[in-house]
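So the structure is just underneath, and the comments pick up after that.
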Amino acid sequence: MPLNRRKFLKKSAVTGAGVALAGAAAAPAAQAAEKKKPGKHPKRYALTVLGTTDLHGHVFNWDYFKDAEYSDTAGNAMGLARVSTLVNQIRKEKGRRNTLLLDAGDTIQGTPLTYYFAKVDPITAKGGPVHPMAQAMNAIGYDAAALGNHEFNYGIETLRKFEDQCRFPLLGANALDAKTLKPAFPPYFIKKFQVPGAPPVKVAVLGLTNPGIAIWDKAYVQGKLTFPGLEEQAAKWVPKLRSMGADVVVVSAHSGSSGTSSYGDQLPYVENSAALVAQQVPGIDAILVGHAHVEIPELKVTNTATGKTVVLSEPLCYAERLSVFDFELVFEKGRWTVESVAASLRDAKTVADDPKITRLLKDEHALVVEYVNQVVGTATATLTTVDARYKDAPIIDLITKVQEDVVKAALAGTAYASLPVIAQASPFSRTSQIPAGEVTIRDLSGLYVYDNTLVAKLLTGAQVRAYLEYSAQYFVQTAADAVVDTEKLTNAGGRPDYNYDYVSGFSYEIDIAQAVGSRIKNLTYNGAALDDAQQFVLAVNNYRANGGGAFPHVASATQVWSESTEIRTRIAEWVTAKGVLDPADFASVDWKLTRNGTPVF
């Protein structure tokens with residue numbers, strides 16, 4: 001689909017037929033000030049901005065991988081059906097036309113529900129279905145949503161179709177056409193709220209997405225779209241919005257607040273820059289934060305240029321929370337000014353599903369439940385990821401075996417066919433299990449929860465060694481005589497499980513008593529010490545291949561092959577073809593944890 005600049009001004013010029021907030025309560029301090037003031041009281045207006053983020057295809061409080069109601073140890077509940085109930089409550093409380101509903105991105109990827117309508121019954125097909133997330137968000141009445149990086153996982157065509165199906169704009173001020181450097185999506189959205197006896201309150205929403213898209217979905221966006229930094233583009237657009245008469249400026253940013261990046265120095269732009277935007281760019285009142293999957297009820301950041309406070313909030317993910325920004329505005333000296341902003345969270349577990357959303361999407365939900373419960377094979381033993389973080393587990397070997405086989409077949413007859421194929425895989429989940437007996441798509445999807453695809457890259461032995469050393473940073477340094485607590489053994493420096501990699505085809509030890517950088521011991525290939533000059537083909541997921549996790553060498557390595565079929569689909573195909581899932585066909589103990597040469601387990 002061509003990436004010509006959209007006529008976004010048409011969408012952005014939407015005006016709301018707002019009404020006054022009857023009997024709006026002023027803040028106590030403001031009430032006191034008004035009592036002292038003789039004569040006319042200033043006009044006041046209370047606006048509420050609601051926000052979700054990182055919905056990742058969660059409409060219902062349902063775990064498709066477990067075929068059961070969702071539950072976790074914290075007692076959370078999730079899904080847009082719950083959020084719809086919360087939104088209805090707040091709209092009733094505040095007045096429907098005094099609220100604005102936003103999202104901060106990562107909407108159309110993350111569950112079998114979203115996979116099904118991207119790949120199995122795709123929305124892009126002629127006469128295809130309307131995406132369940134578009135249906136739900138339209139029904140709830142979203143006003144605008146920022147683009148997330150995962151919006152690009154299925155390619156531009158799927159994203160554009162989803163955009164067409166939404167009755168609200170998808171915003172991305174820093175998603176630019178690579179040729180024209182003009183916005184490829186609407187940068188902003190403006191809505192007016194009517195106040196009797198005073199000019200309307202004009203609210204502008206600026207949407208910003210994540211620069212990491214250029215790395216993570218390079219195959220889809222390279223040469224088509226470019227993603228400059230959030231701070232740079234906010235500094236460009238916020239003054240424009242103010243000059244257009246915006247009384248309130250809210251940013252919806254698919255970017256965390258930590259100021260960190262997962263991709264090292266591959267990009268000159270910060271991945272999690274929401275707080276930096278607040279600090280550096282004058283004229284912003286509040287930021288709905290996304291991407292990081294953390295819970296921030298309210299974070300106050302001081303803008304260095306103005307000294308004013310900018311209020312940030314991030315409502316966790318999966319529609320488990322709803323951010324609520326309460327604005328108090330006062331009309332004085334001929335203009336509206338924001339007097340105060342306060343943010344808080346509402347919890348999805350406190351309410352029931354909205355029956356309207358349940359009715360709307362019950363058929364789509366049933367279709368996907370049926371799909372994931374298809375039996376594709378039989379397992380001779382139970383496979384689990386319970387201890388896969390610190391022991392070489394057969395269930396992860398299954399992933400690397402499938403990846404090796406796919407790449408070997410793809411490279412047959414090419415100049416690379418004679419090179420040995422190795423593969424990486426990560427223990428994504430701590431609870432995945434493939435039970436002995438019948439194996440379903442659901443079981444296999446639960447093992448590989450991301451929509452990653454497969455890439456083949458050339459690495460030398462020396463580069464593999466560096467890759468393994470980097471991966472081994474995941475373990476907490478543990479003295480030889482210290483008691484081993486498996487709960488405290490991993491995730492050193494906050495590194496997530498998905499950024500720890502197995503690499504198949506080698507035998508090696510990870511000595512966790514040693515300092516970072518000198519942990520890989522006795523690294524052999526085919527029974528002999530690894531030759532640093534030998535070439536290998538690494539079967540690697542596209543996230544890692546494009547620099548996700550900042551593993552050394554892999555992003556810059558020569559790419560010899562790639563495909564768009566998901567790894568989870570390849571696993572299902574492999575198991576279906578075999579019929580029987582037998583660990584003897586793929587399992588081997590390639591690595592172990594040691595301390596000064598003595599095995600930990």
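We name chains A, B, ... following the order of the structure tokens; residues begin at 1 in each chain, and ligands are numbered from 1 as shown.
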
Spatial neighbours of Lys356 of chain A, max dist 9 Å, only C-alpha atoms, sep filter under 3 positions, as a PyMOL selection string: chain A and resi 81+84+139+353+359-361

Which of segment 250-469 of chain A fall in helix (DSSP H, G or I), as a ChimeraX atom specification: /A:274-280,348-350,355-372,394-411,441-447,461-469

Nearby residues (only C-alpha atoms) at most 6 Å from Ile108 of chain A, same-chain spacing under 3 positions excluded, as number ranges by chain: A: 56-57, 114, 151

Point-to-point distance from atom CA of Lys236 of chain A to atom CA of Pro282 of chain A, Å rounded to tenths: 10.8 Å

What are the nearest atom pairs, with distances in Å to one decimal, for all residues of segment 384-480 of chain A that come at most 12 Å from segment 217-221 of chain A, using only C-alpha atoms, set out by chain and rising residue number as CSV?
residue,atom,partner,partner_atom,distance
A:Asp451,CA,A:Asp217,CA,11.4
A:Asn452,CA,A:Asp217,CA,9.9
A:Thr453,CA,A:Asp217,CA,10.3
A:Leu454,CA,A:Ala219,CA,11.4
A:Val455,CA,A:Ala219,CA,10.4

Which residue of A:Gly75, A:Gly377, A:Pro297, A:Gly245 approaches Ala342 of chain A most closely, using only C-alpha atoms: A:Pro297

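When only C-alpha atoms are used to measure the gap to Ala348 of chain A, the shortest distance among A:Gly334, A:Gly517, A:Pro315, A:Gly155 belongs to A:Pro315.
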
Contacts of segment 212-214 of chain A at 9 Å (only C-alpha atoms; same-chain gap of 3+ positions) as a list in words: Gly148, Asn149, His150, Phe152, Thr209, Asp217, Lys218, Ala219, Tyr220, Val221, Gln222, Leu225, Thr226, Phe227, Ser261, Ser262, Tyr263, Leu267, Tyr269, Val270, Glu271, Asn546 and Gly548 of chain A

Who sits within 6 Å of segment 171-187 of chain A, only C-alpha atoms, same chain under 3 positions skipped, as a list in words: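 Here the qualifying residues turn out to be Arg5, Phe8, Ala145, Ala146, Leu147, Gly207, Leu208, Thr209, Gly223, Lys224, Leu225, Thr226, Phe227, Pro228 and Gln233 of chain A.
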
With C-alpha atoms kept, could you save the residues just selected as an mmCIF file, in the first residue's frame?
data_model
loop_
_atom_site.group_PDB
_atom_site.id
_atom_site.type_symbol
_atom_site.label_atom_id
_atom_site.label_comp_id
_atom_site.auth_asym_id
_atom_site.auth_seq_id
_atom_site.Cartn_x
_atom_site.Cartn_y
_atom_site.Cartn_z
ATOM 1 C CA ARG A 5 0.868 11.447 3.227
ATOM 2 C CA PHE A 8 -4.838 13.763 8.415
ATOM 3 C CA ALA A 145 -4.680 6.096 19.729
ATOM 4 C CA ALA A 146 -0.927 6.366 19.315
ATOM 5 C CA LEU A 147 0.862 3.820 17.154
ATOM 6 C CA GLY A 207 0.766 10.907 19.252
ATOM 7 C CA LEU A 208 4.352 9.625 19.412
ATOM 8 C CA THR A 209 5.607 6.134 18.694
ATOM 9 C CA GLY A 223 12.928 2.502 2.895
ATOM 10 C CA LYS A 224 9.253 3.246 3.576
ATOM 11 C CA LEU A 225 9.069 4.808 7.015
ATOM 12 C CA THR A 226 11.530 6.486 9.328
ATOM 13 C CA PHE A 227 11.143 7.117 13.067
ATOM 14 C CA PRO A 228 12.996 10.085 14.575
ATOM 15 C CA GLN A 233 9.254 15.669 17.153
#

Nearest to Gly128 of chain A by atom-to-atom distance, counting only C-alpha atoms, from A:Ala352, A:Leu288, A:Phe162, A:Tyr154: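 With only C-alpha atoms as the atom set, the closest residue is A:Phe162.
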
Residue neighbourhood segment 497-505 of chain A, 8 Å, only C-alpha atoms, exclusion window fewer than 2 positions, as JSON, numbers by chain: {"A": [389, 396, 397, 400, 421, 422, 423, 424, 425, 426, 427, 428, 429, 468, 471, 472, 474, 491, 495, 507, 525, 549, 590]}

Distance of atom CA of Gly259 of chain A from atom CA of Leu316 of chain A, expressed in Å to one decimal place: 17.5 Å

Within 7 Å of Glu298 of chain A using only C-alpha atoms, minus same-chain residues under 5 positions, as a list in words: Val311, Leu312, Ser313, Ala343 and Ser344 of chain A

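Nearest to Thr337 of chain A of all the residues A:Arg242, A:Arg430, A:Lys521, A:Lys119 is A:Arg242, counting only C-alpha atoms.
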
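Proximity ranking of A:Lys333, A:Arg568, A:Lys191, A:Arg96 relative to Leu444 of chain A places A:Arg568 first, based on only C-alpha atoms.
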
Among listed residues A:Pro200, A:Pro239, A:Gly283, A:Gly597, nearest Glu509 of chain A (using only C-alpha atoms): A:Gly597
